Each structure stands twice: as structure tokens, then as C-alpha cells.
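Asker: Structure file model-v1.pdb (PDB, N, CA and C atoms) right here:
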ATOM      1  N   MET P 610      29.374  80.058  -5.553  1.00  0.00           N
ATOM      2  CA  MET P 610      28.327  80.001  -6.530  1.00  0.00           C
ATOM      3  C   MET P 610      27.381  81.164  -6.278  1.00  0.00           C
ATOM      4  N   ALA P 611      26.799  81.617  -7.370  1.00  0.00           N
ATOM      5  CA  ALA P 611      25.857  82.734  -7.301  1.00  0.00           C
ATOM      6  C   ALA P 611      24.767  82.496  -8.337  1.00  0.00           C
ATOM      7  N   PRO P 612      23.634  83.133  -8.153  1.00  0.00           N
ATOM      8  CA  PRO P 612      22.558  82.962  -9.128  1.00  0.00           C
ATOM      9  C   PRO P 612      22.986  83.407 -10.529  1.00  0.00           C
ATOM     10  N   LYS P 613      22.439  82.744 -11.537  1.00  0.00           N
ATOM     11  CA  LYS P 613      22.705  83.114 -12.917  1.00  0.00           C
ATOM     12  C   LYS P 613      22.345  84.586 -13.105  1.00  0.00           C
ATOM     13  N   GLY P 614      23.192  85.295 -13.810  1.00  0.00           N
ATOM     14  CA  GLY P 614      22.940  86.708 -14.071  1.00  0.00           C
ATOM     15  C   GLY P 614      23.532  87.650 -13.039  1.00  0.00           C
ATOM     16  N   THR P 615      24.199  87.109 -12.020  1.00  0.00           N
ATOM     17  CA  THR P 615      24.853  87.970 -11.035  1.00  0.00           C
ATOM     18  C   THR P 615      25.933  88.772 -11.744  1.00  0.00           C
ATOM     19  N   PRO P 616      25.972  90.076 -11.555  1.00  0.00           N
ATOM     20  CA  PRO P 616      26.975  90.894 -12.233  1.00  0.00           C
ATOM     21  C   PRO P 616      28.400  90.402 -11.949  1.00  0.00           C
ATOM     22  N   ASP P 617      29.243  90.454 -12.969  1.00  0.00           N
ATOM     23  CA  ASP P 617      30.612  89.945 -12.845  1.00  0.00           C
ATOM     24  C   ASP P 617      31.378  90.624 -11.718  1.00  0.00           C
ATOM     25  N   GLU P 618      31.169  91.925 -11.532  1.00  0.00           N
ATOM     26  CA  GLU P 618      31.917  92.607 -10.469  1.00  0.00           C
ATOM     27  C   GLU P 618      31.526  92.073  -9.092  1.00  0.00           C
ATOM     28  N   VAL P 619      30.285  91.643  -8.927  1.00  0.00           N
ATOM     29  CA  VAL P 619      29.849  91.043  -7.662  1.00  0.00           C
ATOM     30  C   VAL P 619      30.488  89.666  -7.495  1.00  0.00           C
ATOM     31  N   VAL P 620      30.499  88.876  -8.557  1.00  0.00           N
ATOM     32  CA  VAL P 620      31.115  87.543  -8.512  1.00  0.00           C
ATOM     33  C   VAL P 620      32.599  87.661  -8.183  1.00  0.00           C
ATOM     34  N   GLN P 621      33.284  88.589  -8.820  1.00  0.00           N
ATOM     35  CA  GLN P 621      34.721  88.765  -8.578  1.00  0.00           C
ATOM     36  C   GLN P 621      34.990  89.200  -7.141  1.00  0.00           C
ATOM     37  N   ARG P 622      34.169  90.106  -6.614  1.00  0.00           N
ATOM     38  CA  ARG P 622      34.371  90.551  -5.232  1.00  0.00           C
ATOM     39  C   ARG P 622      34.118  89.408  -4.253  1.00  0.00           C
ATOM     40  N   MET P 623      33.039  88.648  -4.483  1.00  0.00           N
ATOM     41  CA  MET P 623      32.754  87.499  -3.615  1.00  0.00           C
ATOM     42  C   MET P 623      33.928  86.529  -3.646  1.00  0.00           C
ATOM     43  N   SER P 624      34.474  86.289  -4.827  1.00  0.00           N
ATOM     44  CA  SER P 624      35.609  85.372  -4.970  1.00  0.00           C
ATOM     45  C   SER P 624      36.810  85.848  -4.162  1.00  0.00           C
ATOM     46  N   ARG P 625      37.116  87.139  -4.281  1.00  0.00           N
ATOM     47  CA  ARG P 625      38.262  87.695  -3.523  1.00  0.00           C
ATOM     48  C   ARG P 625      38.042  87.581  -2.023  1.00  0.00           C
ATOM     49  N   GLU P 626      36.835  87.908  -1.568  1.00  0.00           N
ATOM     50  CA  GLU P 626      36.549  87.891  -0.130  1.00  0.00           C
ATOM     51  C   GLU P 626      36.576  86.463   0.427  1.00  0.00           C
ATOM     52  N   ILE P 627      36.005  85.538  -0.303  1.00  0.00           N
ATOM     53  CA  ILE P 627      36.009  84.138   0.141  1.00  0.00           C
ATOM     54  C   ILE P 627      37.430  83.597   0.171  1.00  0.00           C
ATOM     55  N   ALA P 628      38.217  83.911  -0.861  1.00  0.00           N
ATOM     56  CA  ALA P 628      39.615  83.455  -0.895  1.00  0.00           C
ATOM     57  C   ALA P 628      40.385  84.008   0.304  1.00  0.00           C
ATOM     58  N   ALA P 629      40.121  85.253   0.663  1.00  0.00           N
ATOM     59  CA  ALA P 629      40.808  85.851   1.813  1.00  0.00           C
ATOM     60  C   ALA P 629      40.453  85.121   3.098  1.00  0.00           C
ATOM     61  N   VAL P 630      39.188  84.793   3.277  1.00  0.00           N
ATOM     62  CA  VAL P 630      38.758  84.058   4.476  1.00  0.00           C
ATOM     63  C   VAL P 630      39.388  82.664   4.491  1.00  0.00           C
ATOM     64  N   LEU P 631      39.454  82.007   3.337  1.00  0.00           N
ATOM     65  CA  LEU P 631      40.028  80.660   3.277  1.00  0.00           C
ATOM     66  C   LEU P 631      41.526  80.651   3.574  1.00  0.00           C
ATOM     67  N   ARG P 632      42.186  81.794   3.419  1.00  0.00           N
ATOM     68  CA  ARG P 632      43.624  81.874   3.737  1.00  0.00           C
ATOM     69  C   ARG P 632      43.874  82.060   5.231  1.00  0.00           C
ATOM     70  N   GLU P 633      42.853  82.419   5.988  1.00  0.00           N
ATOM     71  CA  GLU P 633      43.029  82.646   7.420  1.00  0.00           C
ATOM     72  C   GLU P 633      43.332  81.319   8.124  1.00  0.00           C
ATOM     73  N   PRO P 634      44.386  81.290   8.941  1.00  0.00           N
ATOM     74  CA  PRO P 634      44.757  80.047   9.629  1.00  0.00           C
ATOM     75  C   PRO P 634      43.621  79.424  10.436  1.00  0.00           C
ATOM     76  N   GLU P 635      42.837  80.236  11.140  1.00  0.00           N
ATOM     77  CA  GLU P 635      41.744  79.694  11.948  1.00  0.00           C
ATOM     78  C   GLU P 635      40.685  79.038  11.060  1.00  0.00           C
ATOM     79  N   THR P 636      40.383  79.657   9.926  1.00  0.00           N
ATOM     80  CA  THR P 636      39.413  79.070   8.990  1.00  0.00           C
ATOM     81  C   THR P 636      39.939  77.753   8.456  1.00  0.00           C
ATOM     82  N   GLN P 637      41.202  77.722   8.051  1.00  0.00           N
ATOM     83  CA  GLN P 637      41.797  76.490   7.537  1.00  0.00           C
ATOM     84  C   GLN P 637      41.744  75.383   8.576  1.00  0.00           C
ATOM     85  N   LYS P 638      42.088  75.731   9.809  1.00  0.00           N
ATOM     86  CA  LYS P 638      42.083  74.744  10.885  1.00  0.00           C
ATOM     87  C   LYS P 638      40.687  74.165  11.094  1.00  0.00           C
ATOM     88  N   ARG P 639      39.689  75.031  11.145  1.00  0.00           N
ATOM     89  CA  ARG P 639      38.316  74.564  11.391  1.00  0.00           C
ATOM     90  C   ARG P 639      37.814  73.690  10.246  1.00  0.00           C
ATOM     91  N   LEU P 640      38.115  74.082   9.020  1.00  0.00           N
ATOM     92  CA  LEU P 640      37.675  73.282   7.880  1.00  0.00           C
ATOM     93  C   LEU P 640      38.397  71.935   7.839  1.00  0.00           C
ATOM     94  N   GLN P 641      39.692  71.941   8.112  1.00  0.00           N
ATOM     95  CA  GLN P 641      40.450  70.692   8.107  1.00  0.00           C
ATOM     96  C   GLN P 641      39.979  69.753   9.211  1.00  0.00           C
ATOM     97  N   THR P 642      39.575  70.312  10.344  1.00  0.00           N
ATOM     98  CA  THR P 642      39.028  69.500  11.428  1.00  0.00           C
ATOM     99  C   THR P 642      37.765  68.768  10.976  1.00  0.00           C
ATOM    100  N   ALA P 643      37.018  69.399  10.052  1.00  0.00           N
ATOM    101  CA  ALA P 643      35.796  68.797   9.514  1.00  0.00           C
ATOM    102  C   ALA P 643      36.079  68.019   8.226  1.00  0.00           C
ATOM    103  N   TYR P 644      37.360  67.718   7.988  1.00  0.00           N
ATOM    104  CA  TYR P 644      37.790  66.931   6.820  1.00  0.00           C
ATOM    105  C   TYR P 644      37.567  67.640   5.490  1.00  0.00           C
ATOM    106  N   PHE P 645      37.630  68.961   5.497  1.00  0.00           N
ATOM    107  CA  PHE P 645      37.595  69.745   4.270  1.00  0.00           C
ATOM    108  C   PHE P 645      39.007  70.199   3.953  1.00  0.00           C
ATOM    109  N   ASP P 646      39.315  70.307   2.688  1.00  0.00           N
ATOM    110  CA  ASP P 646      40.602  70.828   2.250  1.00  0.00           C
ATOM    111  C   ASP P 646      40.336  72.172   1.581  1.00  0.00           C
ATOM    112  N   PRO P 647      40.474  73.281   2.326  1.00  0.00           N
ATOM    113  CA  PRO P 647      40.117  74.579   1.773  1.00  0.00           C
ATOM    114  C   PRO P 647      40.996  74.961   0.586  1.00  0.00           C
ATOM    115  N   VAL P 648      40.338  75.272  -0.519  1.00  0.00           N
ATOM    116  CA  VAL P 648      41.036  75.669  -1.735  1.00  0.00           C
ATOM    117  C   VAL P 648      40.343  76.913  -2.274  1.00  0.00           C
ATOM    118  N   GLY P 649      41.065  77.971  -2.398  1.00  0.00           N
ATOM    119  CA  GLY P 649      40.517  79.173  -3.015  1.00  0.00           C
ATOM    120  C   GLY P 649      40.934  79.195  -4.475  1.00  0.00           C
ATOM    121  N   SER P 650      40.021  79.553  -5.338  1.00  0.00           N
ATOM    122  CA  SER P 650      40.356  79.646  -6.755  1.00  0.00           C
ATOM    123  C   SER P 650      39.531  80.756  -7.379  1.00  0.00           C
ATOM    124  N   THR P 651      39.548  80.803  -8.678  1.00  0.00           N
ATOM    125  CA  THR P 651      38.792  81.827  -9.393  1.00  0.00           C
ATOM    126  C   THR P 651      37.426  81.283  -9.784  1.00  0.00           C
ATOM    127  N   PRO P 652      36.493  82.163 -10.097  1.00  0.00           N
ATOM    128  CA  PRO P 652      35.194  81.698 -10.586  1.00  0.00           C
ATOM    129  C   PRO P 652      35.349  80.832 -11.850  1.00  0.00           C
ATOM    130  N   GLU P 653      36.288  81.182 -12.692  1.00  0.00           N
ATOM    131  CA  GLU P 653      36.518  80.414 -13.917  1.00  0.00           C
ATOM    132  C   GLU P 653      37.027  79.007 -13.610  1.00  0.00           C
ATOM    133  N   ALA P 654      37.915  78.895 -12.630  1.00  0.00           N
ATOM    134  CA  ALA P 654      38.433  77.586 -12.237  1.00  0.00           C
ATOM    135  C   ALA P 654      37.321  76.728 -11.631  1.00  0.00           C
ATOM    136  N   LEU P 655      36.442  77.336 -10.850  1.00  0.00           N
ATOM    137  CA  LEU P 655      35.314  76.598 -10.279  1.00  0.00           C
ATOM    138  C   LEU P 655      34.377  76.118 -11.381  1.00  0.00           C
ATOM    139  N   GLN P 656      34.113  76.970 -12.350  1.00  0.00           N
ATOM    140  CA  GLN P 656      33.250  76.587 -13.466  1.00  0.00           C
ATOM    141  C   GLN P 656      33.838  75.400 -14.225  1.00  0.00           C
ATOM    142  N   LYS P 657      35.140  75.435 -14.469  1.00  0.00           N
ATOM    143  CA  LYS P 657      35.810  74.328 -15.164  1.00  0.00           C
ATOM    144  C   LYS P 657      35.729  73.050 -14.334  1.00  0.00           C
ATOM    145  N   PHE P 658      35.995  73.152 -13.034  1.00  0.00           N
ATOM    146  CA  PHE P 658      35.943  71.998 -12.145  1.00  0.00           C
ATOM    147  C   PHE P 658      34.549  71.378 -12.138  1.00  0.00           C
ATOM    148  N   MET P 659      33.520  72.230 -12.021  1.00  0.00           N
ATOM    149  CA  MET P 659      32.149  71.723 -11.981  1.00  0.00           C
ATOM    150  C   MET P 659      31.774  71.031 -13.287  1.00  0.00           C
ATOM    151  N   ALA P 660      32.209  71.573 -14.425  1.00  0.00           N
ATOM    152  CA  ALA P 660      31.924  70.951 -15.719  1.00  0.00           C
ATOM    153  C   ALA P 660      32.601  69.586 -15.816  1.00  0.00           C
ATOM    154  N   GLU P 661      33.840  69.491 -15.336  1.00  0.00           N
ATOM    155  CA  GLU P 661      34.567  68.214 -15.347  1.00  0.00           C
ATOM    156  C   GLU P 661      33.880  67.192 -14.441  1.00  0.00           C
ATOM    157  N   GLU P 662      33.443  67.628 -13.280  1.00  0.00           N
ATOM    158  CA  GLU P 662      32.749  66.723 -12.365  1.00  0.00           C
ATOM    159  C   GLU P 662      31.428  66.241 -12.959  1.00  0.00           C
ATOM    160  N   LEU P 663      30.720  67.122 -13.628  1.00  0.00           N
ATOM    161  CA  LEU P 663      29.462  66.735 -14.266  1.00  0.00           C
ATOM    162  C   LEU P 663      29.715  65.671 -15.331  1.00  0.00           C
ATOM    163  N   ARG P 664      30.746  65.889 -16.155  1.00  0.00           N
ATOM    164  CA  ARG P 664      31.081  64.892 -17.182  1.00  0.00           C
ATOM    165  C   ARG P 664      31.461  63.557 -16.545  1.00  0.00           C
ATOM    166  N   ARG P 665      32.146  63.588 -15.437  1.00  0.00           N
ATOM    167  CA  ARG P 665      32.598  62.375 -14.774  1.00  0.00           C
ATOM    168  C   ARG P 665      31.451  61.608 -14.132  1.00  0.00           C
ATOM    169  N   TRP P 666      30.596  62.313 -13.419  1.00  0.00           N
ATOM    170  CA  TRP P 666      29.597  61.649 -12.585  1.00  0.00           C
ATOM    171  C   TRP P 666      28.234  61.473 -13.226  1.00  0.00           C
ATOM    172  N   LYS P 667      27.901  62.231 -14.259  1.00  0.00           N
ATOM    173  CA  LYS P 667      26.581  62.115 -14.876  1.00  0.00           C
ATOM    174  C   LYS P 667      26.288  60.699 -15.366  1.00  0.00           C
ATOM    175  N   PRO P 668      27.217  60.041 -16.078  1.00  0.00           N
ATOM    176  CA  PRO P 668      26.934  58.667 -16.518  1.00  0.00           C
ATOM    177  C   PRO P 668      26.715  57.700 -15.351  1.00  0.00           C
ATOM    178  N   VAL P 669      27.458  57.871 -14.286  1.00  0.00           N
ATOM    179  CA  VAL P 669      27.321  57.004 -13.116  1.00  0.00           C
ATOM    180  C   VAL P 669      25.942  57.195 -12.490  1.00  0.00           C
ATOM    181  N   ILE P 670      25.549  58.442 -12.339  1.00  0.00           N
ATOM    182  CA  ILE P 670      24.251  58.759 -11.743  1.00  0.00           C
ATOM    183  C   ILE P 670      23.117  58.213 -12.602  1.00  0.00           C
ATOM    184  N   GLU P 671      23.234  58.381 -13.926  1.00  0.00           N
ATOM    185  CA  GLU P 671      22.192  57.876 -14.828  1.00  0.00           C
ATOM    186  C   GLU P 671      22.110  56.351 -14.790  1.00  0.00           C
ATOM    187  N   ARG P 672      23.256  55.666 -14.790  1.00  0.00           N
ATOM    188  CA  ARG P 672      23.259  54.196 -14.728  1.00  0.00           C
ATOM    189  C   ARG P 672      22.634  53.693 -13.433  1.00  0.00           C
ATOM    190  N   ALA P 673      22.868  54.422 -12.366  1.00  0.00           N
ATOM    191  CA  ALA P 673      22.322  54.018 -11.075  1.00  0.00           C
ATOM    192  C   ALA P 673      20.844  54.374 -10.944  1.00  0.00           C
ATOM    193  N   GLY P 674      20.335  55.168 -11.880  1.00  0.00           N
ATOM    194  CA  GLY P 674      18.929  55.560 -11.832  1.00  0.00           C
ATOM    195  C   GLY P 674      18.609  56.538 -10.715  1.00  0.00           C
ATOM    196  N   LEU P 675      19.600  57.299 -10.274  1.00  0.00           N
ATOM    197  CA  LEU P 675      19.382  58.240  -9.179  1.00  0.00           C
ATOM    198  C   LEU P 675      18.682  59.483  -9.666  1.00  0.00           C
ATOM    199  N   LYS P 676      17.805  60.020  -8.835  1.00  0.00           N
ATOM    200  CA  LYS P 676      17.059  61.240  -9.136  1.00  0.00           C
ATOM    201  C   LYS P 676      17.153  62.166  -7.921  1.00  0.00           C
ATOM    202  N   PRO P 677      17.223  63.475  -8.163  1.00  0.00           N
ATOM    203  CA  PRO P 677      17.269  64.402  -7.020  1.00  0.00           C
ATOM    204  C   PRO P 677      15.924  64.438  -6.298  1.00  0.00           C
ATOM    205  N   ASP P 678      15.974  64.695  -5.000  1.00  0.00           N
ATOM    206  CA  ASP P 678      14.740  64.903  -4.234  1.00  0.00           C
ATOM    207  C   ASP P 678      14.164  66.260  -4.625  1.00  0.00           C
ATOM    208  N   ASN P 679      12.874  66.346  -4.650  1.00  0.00           N
ATOM    209  CA  ASN P 679      12.223  67.630  -4.967  1.00  0.00           C
ATOM    210  C   ASN P 679      11.793  68.340  -3.719  1.00  0.00           C
TER     211      ASN P 679
END
Let's see the structure in the file written out as C-alpha cells.
Answerer:
Amino acid sequence: MAPKGTPDEVVQRMSREIAAVLREPETQKRLQTAYFDPVGSTPEALQKFMAEELRRWKPVIERAGLKPDN
């Protein structure tokens, strides 16, 4: 994730670099030890995933009356 308005070339480079680190065996091992499943994808795939998660969880959060801490 990056701040809104971050130039696309910066977002693309960050994506490539992060994906490269996530492919490293030592990184995968450390993340899996912490119960993370490292997945590298594109900025577009992350945007789609986040939108789907928002659609899924927003009604649950609203029904529960949850509010973010300020």
C-alpha cells in the first residue's frame, strides 16, 4: 500500500521489489513461522482483494457497531 497519488512507476517498482523479497526462502520461512502465508501479487490484484474484503466485512462491522480507534 502507498499513499494516494503515489506515481504509478513508484508503485510498480515497490510491487516488484516486495514480490522479490517474498520469493526468498528465508523470508517465506520467517513469515510462515509467524503463521503468514506470503503471497506476492500485483497492485491491481491487491486493490481487487481489498474491495472484495470491504464488501464482505463492512456489513458485519456495521451490525456489530464497531468503530475504529482514533
Asker: Just give me the gap between atom CA of Ser624 of chain P and atom CA of Gln637 of chain P in Å, one decimal is fine.
Answerer: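 That distance, rounded to one decimal, is 16.5 Å.
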Asker: What would the selection look like, as a list in words, if the PyMOL selection byres ((chain P and resi 643-652) around 8) were run on the coordinates I just shared?
Answerer: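 Against this file, the PyMOL selection byres ((chain P and resi 643-652) around 8) returns the residues Met610, Val620, Gln621, Ser624, Arg625, Ile627, Ala628, Ala629, Leu631, Arg632, Thr636, Gln637, Lys638, Arg639, Leu640, Gln641, Thr642, Glu653, Ala654, Leu655, Gln656, Lys657 and Phe658 of chain P.
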Asker: Enumerate the residues of segment 634-670 of chain P with a DSSP assignment of helix (DSSP H, G or I), computed from the backbone, and present them as a count of residues only.
Answerer: 28
Asker: Any idea what the distance is between atom CA of Val669 of chain P and atom N of Ala611 of chain P?
Answerer: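 Distance between the two atoms: 25.3 Å.
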Asker: Just how far from atom CA of Lys676 of chain P is atom N of Glu662 of chain P, in Å to one decimal?
Answerer: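 Result for atom N of Glu662 of chain P versus atom CA of Lys676 of chain P: 18.1 Å, one decimal.
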Asker: Is it possible to get the axis-aligned box enclosing segment 620-624 of chain P (all listed atoms, 8 Å extra per side) as AutoDock Vina command-line options, with centre and edge lengths in Å rounded to one decimal?
Answerer:
--center_x 33.7 --center_y 88.0 --center_z -6.2 --size_x 22.3 --size_y 21.2 --size_z 21.2
